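What follows is a single structure, written as structure tokens, with notes after it.
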Amino acid sequence: MDSYLIQVNGHGDHAPILDVHLKNTGNTISPGKVKGRKPRWAVRASEMSKKTFNPVRAIVDSMKVEPNPKKAMISLSLGDPTVFGNLPTNDEVTRAVKEVLDSGQYNGYAPSVGYQSCREAVAAYYTCPEAPLKAQDVILTSGCSQAIELALAVLANPGQNILVPRPGFSLYKTLALSMGIEVKLYNLLPEKAWEIDLEHLESLVDEKTACLIVNNPSNPCGSVFSKSHLQEILAVASRQCVPILADEIYGDMVFADCKSEPIATLSTNVPILSCGGLAKRWLVPGWRMGWILIHDRRDIFGNEIRDGLLRLSQRILGPCTIVQGALERILHRTPPEFYHDTLSILKSNADLCYAALSAIPGLQPVRPAGAMYLMVEIEMEHFPEFENDVEFTERLISEQSVFCLPATCFEYPNFFRVVITVPEEMILEACSRIQEFCEMHYQGAEGAQDLECDK
């Protein structure tokens, strides 16, 4: 019979160490013989991995189509402003990171919620009398995507539901379903510049509703809610006692003729987790620096949500320490003209794209007011040879080498999304090719009817 001696060693600042000594009295141990279990290989993917589903990748990867070899590919599909090199970040931003790297002071682990000084910097940057913030109200994350993941994970349990915009950013659904959280889609209205259908939104709330996601400015719509509409949204959340997860990664990216209101500045009684980051406004999505701002002036979240976010953040050891070290300098040294110039380019591209696509029979673009996107309705009755927006965009690639995302990716069929961060000449060329494509396939009312009869 074998016996074991467990000795605990430890002193001072060091944690106790368990030393396990095996005392063998002569009998051998057979590691292969475990009572009640027959060894066999049975390695399976987890249920969480099976529930994880990205609709954009699922649709795009299934589009088995080659571009026209006679035309250079123009991709208007990826929401990454760095792709074409026409929108570099500011020199002060890169200089801040270089200084931190050279200092050698940020090469170790940071607290899981971020360095205190960096949380103070973010709080100071975003605080205002209407929505005051302190360092303890800031959680630093690995990009805005992780901010959204942590916010969802702390607010909702498996079996509960969340309210998500349609059309909306696909990550919300991807994350929720992987956690066993139901997604209820509320409608946005293209005829009202993508405002929320408030009646539909409120009808979806039930006793299992854990939070309402509000994405403003919007991906994929490029819309910006007015102050009065945000107040109407807050009224629904207040009546129904539903907290808000505000995705405000594009919060300051609005065109000159518009104004963006952080939703937390308009309410004192609705608890809000606002998610943001450096990715889009500072044009560095690959640096993976995001944050959650906790707005809870009525102490409805209390310590429970804050403690929950702390525990969840400890699953990984926080965002990149080099970028954290540069954060205060990035926030305070970036010159205002950098933001202005970026938005001027986006506004010019949006206007060019909107004007060009508006002139094409069969297309109805919705004018954007911010972010980096524009949504276009396809009047499918005038393109009867295509079943849906996926087929339409597939053929657009194969014939014209222009790649736009079908809005089925965003739960909104018969639209497509255009990214407006590409160089101006590329926008104009893409719109010209889209026009050629539509003129080739457009059918008037009679032609469409005849084609339908032939089927």
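Labels for the structure tokens follow display order: chains A, B, ..., residues from 1 in each chain, ligands from 1.
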Give the alpha helix (DSSP H) residues of segment 85-266 of chain A, as DSSP finds them on the backbone, and put them as a ChimeraX atom specification. /A:91-103,116-126,143-155,171-178,198-203,227-240
List as number ranges by chain the protein and nucleic acid residues near Leu175 of chain A, meaning an atom at most 9 Å away when only C-alpha atoms are counted, but skip any in the same chain fewer than 6 places from it. A: 52-54, 148-149, 152-153, 181
Based on the selection just made, write N, CA, C and O atoms of those residues as a PDB file, in the first residue's frame.
ATOM      1  N   THR A  52     -20.201  29.446 -30.981  1.00  0.00           N
ATOM      2  CA  THR A  52     -19.591  30.676 -31.493  1.00  0.00           C
ATOM      3  C   THR A  52     -19.709  30.715 -33.001  1.00  0.00           C
ATOM      4  O   THR A  52     -19.227  29.819 -33.695  1.00  0.00           O
ATOM      5  N   PHE A  53     -20.352  31.761 -33.482  1.00  0.00           N
ATOM      6  CA  PHE A  53     -20.703  31.838 -34.895  1.00  0.00           C
ATOM      7  C   PHE A  53     -20.601  33.292 -35.333  1.00  0.00           C
ATOM      8  O   PHE A  53     -21.258  34.169 -34.774  1.00  0.00           O
ATOM      9  N   ASN A  54     -19.740  33.573 -36.299  1.00  0.00           N
ATOM     10  CA  ASN A  54     -19.607  34.923 -36.844  1.00  0.00           C
ATOM     11  C   ASN A  54     -20.328  34.985 -38.183  1.00  0.00           C
ATOM     12  O   ASN A  54     -19.854  34.429 -39.174  1.00  0.00           O
ATOM     13  N   ILE A 148     -16.805  45.085 -24.929  1.00  0.00           N
ATOM     14  CA  ILE A 148     -18.173  44.620 -25.161  1.00  0.00           C
ATOM     15  C   ILE A 148     -18.360  43.222 -24.563  1.00  0.00           C
ATOM     16  O   ILE A 148     -19.379  42.930 -23.928  1.00  0.00           O
ATOM     17  N   GLU A 149     -17.366  42.368 -24.749  1.00  0.00           N
ATOM     18  CA  GLU A 149     -17.448  40.999 -24.212  1.00  0.00           C
ATOM     19  C   GLU A 149     -17.575  41.021 -22.687  1.00  0.00           C
ATOM     20  O   GLU A 149     -18.429  40.336 -22.111  1.00  0.00           O
ATOM     21  N   LEU A 152     -21.042  42.409 -21.611  1.00  0.00           N
ATOM     22  CA  LEU A 152     -22.086  41.395 -21.779  1.00  0.00           C
ATOM     23  C   LEU A 152     -21.973  40.312 -20.707  1.00  0.00           C
ATOM     24  O   LEU A 152     -22.977  39.887 -20.123  1.00  0.00           O
ATOM     25  N   ALA A 153     -20.744  39.866 -20.464  1.00  0.00           N
ATOM     26  CA  ALA A 153     -20.539  38.767 -19.525  1.00  0.00           C
ATOM     27  C   ALA A 153     -20.930  39.146 -18.098  1.00  0.00           C
ATOM     28  O   ALA A 153     -21.384  38.290 -17.331  1.00  0.00           O
ATOM     29  N   ILE A 181     -26.608  33.279 -24.320  1.00  0.00           N
ATOM     30  CA  ILE A 181     -27.524  34.409 -24.137  1.00  0.00           C
ATOM     31  C   ILE A 181     -28.349  34.587 -25.411  1.00  0.00           C
ATOM     32  O   ILE A 181     -27.800  34.604 -26.519  1.00  0.00           O
TER      33      ILE A 181
END
Residues of segment 76-195 of chain A that approach segment 248-262 of chain A to 12 Å or less, counting only C-alpha atoms: could you list each one with the shortest pair of atoms and its distance in Å to one decimal, rows by chain and increasing residue number, as CSV?
residue,atom,partner,partner_atom,distance
A:Gly79,CA,A:Tyr250,CA,11.7
A:Tyr126,CA,A:Pro262,CA,9.7
A:Thr127,CA,A:Pro262,CA,10.9
A:Cys128,CA,A:Pro262,CA,10.5
A:Glu130,CA,A:Pro262,CA,10.0
A:Ala131,CA,A:Pro262,CA,9.0
A:Gly143,CA,A:Ile249,CA,9.7
A:Cys144,CA,A:Ile249,CA,6.9
A:Ser145,CA,A:Ile249,CA,9.5
A:Ala147,CA,A:Ile249,CA,10.3
A:Ile148,CA,A:Ile249,CA,10.3
A:Phe169,CA,A:Ile249,CA,11.7
Judged by only C-alpha atoms, the minimum distance to Val60 of chain A among A:Thr94, A:Thr82, A:Asn187, A:Thr393 is found for A:Thr393
With a distance cut-off of 9 Å and only C-alpha atoms, select the neighbouring residues of Ala371 of chain A, excluding the residue or stretch itself and same-chain residues fewer than 3 positions from it, and output the selection as a VMD selection string. chain A and resid 216 to 224 250 to 255 280 343 346 368 374
Output file for the residues above (N, CA and C atoms, as a PDB file, in the first residue's frame):
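Wrote result_1.pdb, looks like this:
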ATOM      1  N   ASN A 216     -24.003  53.912 -31.199  1.00  0.00           N
ATOM      2  CA  ASN A 216     -24.154  55.270 -31.744  1.00  0.00           C
ATOM      3  C   ASN A 216     -22.838  56.026 -31.601  1.00  0.00           C
ATOM      4  N   PRO A 217     -22.320  56.549 -32.744  1.00  0.00           N
ATOM      5  CA  PRO A 217     -22.678  56.354 -34.147  1.00  0.00           C
ATOM      6  C   PRO A 217     -22.594  54.873 -34.545  1.00  0.00           C
ATOM      7  N   SER A 218     -23.276  54.564 -35.635  1.00  0.00           N
ATOM      8  CA  SER A 218     -23.554  53.158 -35.934  1.00  0.00           C
ATOM      9  C   SER A 218     -22.615  52.536 -36.958  1.00  0.00           C
ATOM     10  N   ASN A 219     -22.214  51.331 -36.665  1.00  0.00           N
ATOM     11  CA  ASN A 219     -21.711  50.388 -37.651  1.00  0.00           C
ATOM     12  C   ASN A 219     -22.791  49.314 -37.768  1.00  0.00           C
ATOM     13  N   PRO A 220     -23.446  49.144 -38.919  1.00  0.00           N
ATOM     14  CA  PRO A 220     -22.987  49.489 -40.267  1.00  0.00           C
ATOM     15  C   PRO A 220     -23.615  50.738 -40.885  1.00  0.00           C
ATOM     16  N   CYS A 221     -24.437  51.477 -40.165  1.00  0.00           N
ATOM     17  CA  CYS A 221     -25.296  52.465 -40.816  1.00  0.00           C
ATOM     18  C   CYS A 221     -24.636  53.828 -41.042  1.00  0.00           C
ATOM     19  N   GLY A 222     -23.641  54.170 -40.222  1.00  0.00           N
ATOM     20  CA  GLY A 222     -23.079  55.512 -40.315  1.00  0.00           C
ATOM     21  C   GLY A 222     -24.026  56.574 -39.795  1.00  0.00           C
ATOM     22  N   SER A 223     -25.031  56.161 -39.034  1.00  0.00           N
ATOM     23  CA  SER A 223     -26.029  57.096 -38.513  1.00  0.00           C
ATOM     24  C   SER A 223     -25.587  57.653 -37.176  1.00  0.00           C
ATOM     25  N   VAL A 224     -26.133  58.813 -36.816  1.00  0.00           N
ATOM     26  CA  VAL A 224     -25.863  59.464 -35.534  1.00  0.00           C
ATOM     27  C   VAL A 224     -27.197  59.903 -34.949  1.00  0.00           C
ATOM     28  N   TYR A 250     -17.233  54.821 -32.094  1.00  0.00           N
ATOM     29  CA  TYR A 250     -17.190  55.915 -33.077  1.00  0.00           C
ATOM     30  C   TYR A 250     -17.706  57.232 -32.476  1.00  0.00           C
ATOM     31  N   GLY A 251     -17.715  57.319 -31.139  1.00  0.00           N
ATOM     32  CA  GLY A 251     -18.389  58.417 -30.454  1.00  0.00           C
ATOM     33  C   GLY A 251     -18.024  59.811 -30.896  1.00  0.00           C
ATOM     34  N   ASP A 252     -16.762  60.061 -31.221  1.00  0.00           N
ATOM     35  CA  ASP A 252     -16.351  61.403 -31.638  1.00  0.00           C
ATOM     36  C   ASP A 252     -16.193  61.517 -33.143  1.00  0.00           C
ATOM     37  N   MET A 253     -16.547  60.480 -33.864  1.00  0.00           N
ATOM     38  CA  MET A 253     -16.374  60.497 -35.322  1.00  0.00           C
ATOM     39  C   MET A 253     -17.692  60.849 -36.003  1.00  0.00           C
ATOM     40  N   VAL A 254     -18.057  62.123 -35.918  1.00  0.00           N
ATOM     41  CA  VAL A 254     -19.275  62.615 -36.557  1.00  0.00           C
ATOM     42  C   VAL A 254     -18.907  63.790 -37.461  1.00  0.00           C
ATOM     43  N   PHE A 255     -19.673  63.955 -38.522  1.00  0.00           N
ATOM     44  CA  PHE A 255     -19.355  64.986 -39.496  1.00  0.00           C
ATOM     45  C   PHE A 255     -19.704  66.373 -38.956  1.00  0.00           C
ATOM     46  N   LYS A 280     -10.638  53.477 -33.764  1.00  0.00           N
ATOM     47  CA  LYS A 280     -11.154  54.174 -34.938  1.00  0.00           C
ATOM     48  C   LYS A 280     -10.786  55.662 -34.948  1.00  0.00           C
ATOM     49  N   LEU A 343     -11.955  63.495 -40.255  1.00  0.00           N
ATOM     50  CA  LEU A 343     -13.398  63.606 -40.483  1.00  0.00           C
ATOM     51  C   LEU A 343     -13.710  64.322 -41.791  1.00  0.00           C
ATOM     52  N   LEU A 346     -13.431  61.683 -44.472  1.00  0.00           N
ATOM     53  CA  LEU A 346     -14.575  60.764 -44.416  1.00  0.00           C
ATOM     54  C   LEU A 346     -15.847  61.440 -44.919  1.00  0.00           C
ATOM     55  N   PRO A 368     -25.090  59.011 -44.581  1.00  0.00           N
ATOM     56  CA  PRO A 368     -24.518  58.848 -43.240  1.00  0.00           C
ATOM     57  C   PRO A 368     -24.211  60.197 -42.592  1.00  0.00           C
ATOM     58  N   LEU A 374     -21.639  53.516 -45.044  1.00  0.00           N
ATOM     59  CA  LEU A 374     -22.852  53.974 -45.722  1.00  0.00           C
ATOM     60  C   LEU A 374     -23.634  52.735 -46.145  1.00  0.00           C
TER      61      LEU A 374
END
Interatomic distance, atom CA of Met380 of chain A to atom CA of Gly362 of chain A (Å, one decimal): 7.6 Å
Given only C-alpha atoms as the counted atoms, nearest of A:Ile244, A:Ala124, A:Ile397, A:Leu309 to Pro69 of chain A: A:Ile397
In terms of only C-alpha atoms, the residue from A:Ala356, A:Gly290, A:Pro406, A:Ala326 at minimal distance from Gln105 of chain A is A:Ala326
Counting only C-alpha atoms, the residue among A:Glu328, A:Pro365, A:Gln400, A:Ile345 that lies closest to Val100 of chain A is A:Glu328
Find the residues near Ala156 of chain A: any atom within 10 Å, counting only C-alpha atoms, skip ones fewer than 2 places away on the same chain, and give them as an mmCIF file with all heavy atoms, in the first residue's frame.
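Saved result, result12.cif, follows:
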data_model
loop_
_atom_site.group_PDB
_atom_site.id
_atom_site.type_symbol
_atom_site.label_atom_id
_atom_site.label_comp_id
_atom_site.auth_asym_id
_atom_site.auth_seq_id
_atom_site.Cartn_x
_atom_site.Cartn_y
_atom_site.Cartn_z
ATOM 1 N N ALA A 151 -18.589 43.511 -20.777
ATOM 2 C CA ALA A 151 -19.849 44.141 -20.392
ATOM 3 C C ALA A 151 -21.013 43.154 -20.512
ATOM 4 O O ALA A 151 -21.871 43.067 -19.630
ATOM 5 C CB ALA A 151 -20.105 45.381 -21.245
ATOM 6 N N LEU A 152 -21.042 42.409 -21.611
ATOM 7 C CA LEU A 152 -22.086 41.395 -21.779
ATOM 8 C C LEU A 152 -21.973 40.312 -20.707
ATOM 9 O O LEU A 152 -22.977 39.887 -20.123
ATOM 10 C CB LEU A 152 -21.981 40.745 -23.159
ATOM 11 C CG LEU A 152 -22.603 41.470 -24.341
ATOM 12 C CD1 LEU A 152 -22.352 40.679 -25.624
ATOM 13 C CD2 LEU A 152 -24.100 41.657 -24.129
ATOM 14 N N ALA A 153 -20.744 39.866 -20.464
ATOM 15 C CA ALA A 153 -20.539 38.767 -19.525
ATOM 16 C C ALA A 153 -20.930 39.146 -18.098
ATOM 17 O O ALA A 153 -21.384 38.290 -17.331
ATOM 18 C CB ALA A 153 -19.081 38.317 -19.562
ATOM 19 N N VAL A 154 -20.777 40.423 -17.736
ATOM 20 C CA VAL A 154 -21.115 40.829 -16.373
ATOM 21 C C VAL A 154 -22.599 41.124 -16.207
ATOM 22 O O VAL A 154 -23.146 41.023 -15.113
ATOM 23 C CB VAL A 154 -20.265 42.052 -15.938
ATOM 24 C CG1 VAL A 154 -20.837 43.363 -16.471
ATOM 25 C CG2 VAL A 154 -20.127 42.099 -14.425
ATOM 26 N N PRO A 158 -26.553 32.965 -18.952
ATOM 27 C CA PRO A 158 -27.158 32.051 -19.925
ATOM 28 C C PRO A 158 -28.657 31.929 -19.667
ATOM 29 O O PRO A 158 -29.094 31.840 -18.516
ATOM 30 C CB PRO A 158 -26.437 30.728 -19.646
ATOM 31 C CG PRO A 158 -25.125 31.120 -19.058
ATOM 32 C CD PRO A 158 -25.403 32.356 -18.248
ATOM 33 N N GLY A 159 -29.432 31.975 -20.747
ATOM 34 C CA GLY A 159 -30.883 31.898 -20.619
ATOM 35 C C GLY A 159 -31.559 33.255 -20.609
ATOM 36 O O GLY A 159 -32.768 33.349 -20.856
ATOM 37 N N GLN A 160 -30.798 34.311 -20.315
ATOM 38 C CA GLN A 160 -31.360 35.657 -20.421
ATOM 39 C C GLN A 160 -31.257 36.143 -21.863
ATOM 40 O O GLN A 160 -30.692 35.463 -22.731
ATOM 41 C CB GLN A 160 -30.624 36.612 -19.479
ATOM 42 C CG GLN A 160 -30.920 36.370 -18.003
ATOM 43 C CD GLN A 160 -30.329 37.458 -17.124
ATOM 44 O OE1 GLN A 160 -29.114 37.535 -16.951
ATOM 45 N NE2 GLN A 160 -31.192 38.297 -16.561
ATOM 46 N N ASN A 161 -31.791 37.335 -22.139
ATOM 47 C CA ASN A 161 -31.716 37.884 -23.488
ATOM 48 C C ASN A 161 -31.205 39.310 -23.466
ATOM 49 O O ASN A 161 -31.276 40.008 -22.451
ATOM 50 C CB ASN A 161 -33.070 37.794 -24.208
ATOM 51 C CG ASN A 161 -34.148 38.646 -23.543
ATOM 52 O OD1 ASN A 161 -34.121 39.879 -23.594
ATOM 53 N ND2 ASN A 161 -35.129 37.991 -22.916
ATOM 54 N N ILE A 162 -30.648 39.725 -24.602
ATOM 55 C CA ILE A 162 -30.210 41.103 -24.787
ATOM 56 C C ILE A 162 -30.883 41.667 -26.030
ATOM 57 O O ILE A 162 -31.254 40.924 -26.951
ATOM 58 C CB ILE A 162 -28.678 41.207 -24.914
ATOM 59 C CG1 ILE A 162 -28.184 40.417 -26.136
ATOM 60 C CG2 ILE A 162 -27.995 40.735 -23.639
ATOM 61 C CD1 ILE A 162 -26.715 40.640 -26.457
ATOM 62 N N ALA A 176 -22.836 36.857 -27.668
ATOM 63 C CA ALA A 176 -23.980 36.454 -26.849
ATOM 64 C C ALA A 176 -24.289 34.970 -27.007
ATOM 65 O O ALA A 176 -24.461 34.247 -26.012
ATOM 66 C CB ALA A 176 -25.200 37.297 -27.212
ATOM 67 N N MET A 179 -22.145 32.596 -25.228
ATOM 68 C CA MET A 179 -22.354 32.578 -23.779
ATOM 69 C C MET A 179 -23.715 31.994 -23.390
ATOM 70 O O MET A 179 -24.070 31.994 -22.212
ATOM 71 C CB MET A 179 -22.274 34.004 -23.223
ATOM 72 C CG MET A 179 -20.959 34.708 -23.430
ATOM 73 S SD MET A 179 -21.063 36.406 -22.785
ATOM 74 C CE MET A 179 -19.639 37.167 -23.544
ATOM 75 N N GLY A 180 -24.482 31.546 -24.370
ATOM 76 C CA GLY A 180 -25.803 31.002 -24.069
ATOM 77 C C GLY A 180 -26.835 32.078 -23.797
ATOM 78 O O GLY A 180 -27.855 31.824 -23.144
ATOM 79 N N ILE A 181 -26.608 33.279 -24.320
ATOM 80 C CA ILE A 181 -27.524 34.409 -24.137
ATOM 81 C C ILE A 181 -28.349 34.587 -25.411
ATOM 82 O O ILE A 181 -27.800 34.604 -26.519
ATOM 83 C CB ILE A 181 -26.732 35.701 -23.831
ATOM 84 C CG1 ILE A 181 -25.900 35.531 -22.558
ATOM 85 C CG2 ILE A 181 -27.658 36.908 -23.718
ATOM 86 C CD1 ILE A 181 -24.805 36.576 -22.394
ATOM 87 N N GLU A 182 -29.648 34.724 -25.265
ATOM 88 C CA GLU A 182 -30.527 34.908 -26.423
ATOM 89 C C GLU A 182 -30.411 36.335 -26.950
ATOM 90 O O GLU A 182 -30.241 37.285 -26.183
ATOM 91 C CB GLU A 182 -31.978 34.619 -26.025
ATOM 92 C CG GLU A 182 -32.954 34.732 -27.191
ATOM 93 C CD GLU A 182 -34.412 34.657 -26.755
ATOM 94 O OE1 GLU A 182 -34.671 34.409 -25.559
ATOM 95 O OE2 GLU A 182 -35.291 34.890 -27.613
ATOM 96 N N LYS A 208 -36.677 38.444 -18.692
ATOM 97 C CA LYS A 208 -35.338 37.884 -18.883
ATOM 98 C C LYS A 208 -34.390 38.831 -19.616
ATOM 99 O O LYS A 208 -33.264 38.449 -19.954
ATOM 100 C CB LYS A 208 -35.430 36.558 -19.645
ATOM 101 C CG LYS A 208 -36.096 35.433 -18.849
ATOM 102 C CD LYS A 208 -36.032 34.117 -19.613
ATOM 103 C CE LYS A 208 -36.640 32.978 -18.797
ATOM 104 N NZ LYS A 208 -36.558 31.692 -19.523
ATOM 105 N N THR A 209 -34.833 40.048 -19.891
ATOM 106 C CA THR A 209 -33.991 40.990 -20.626
ATOM 107 C C THR A 209 -32.904 41.546 -19.703
ATOM 108 O O THR A 209 -33.207 42.162 -18.676
ATOM 109 C CB THR A 209 -34.825 42.134 -21.213
ATOM 110 O OG1 THR A 209 -35.808 41.573 -22.104
ATOM 111 C CG2 THR A 209 -33.951 43.111 -21.977
ATOM 112 N N ALA A 210 -31.642 41.334 -20.089
ATOM 113 C CA ALA A 210 -30.512 41.718 -19.232
ATOM 114 C C ALA A 210 -29.956 43.089 -19.576
ATOM 115 O O ALA A 210 -29.455 43.792 -18.699
ATOM 116 C CB ALA A 210 -29.403 40.675 -19.338
ATOM 117 N N CYS A 211 -29.986 43.481 -20.851
ATOM 118 C CA CYS A 211 -29.475 44.799 -21.227
ATOM 119 C C CYS A 211 -29.907 45.163 -22.636
ATOM 120 O O CYS A 211 -30.320 44.307 -23.434
ATOM 121 C CB CYS A 211 -27.956 44.880 -21.100
ATOM 122 S SG CYS A 211 -27.025 44.054 -22.406
#
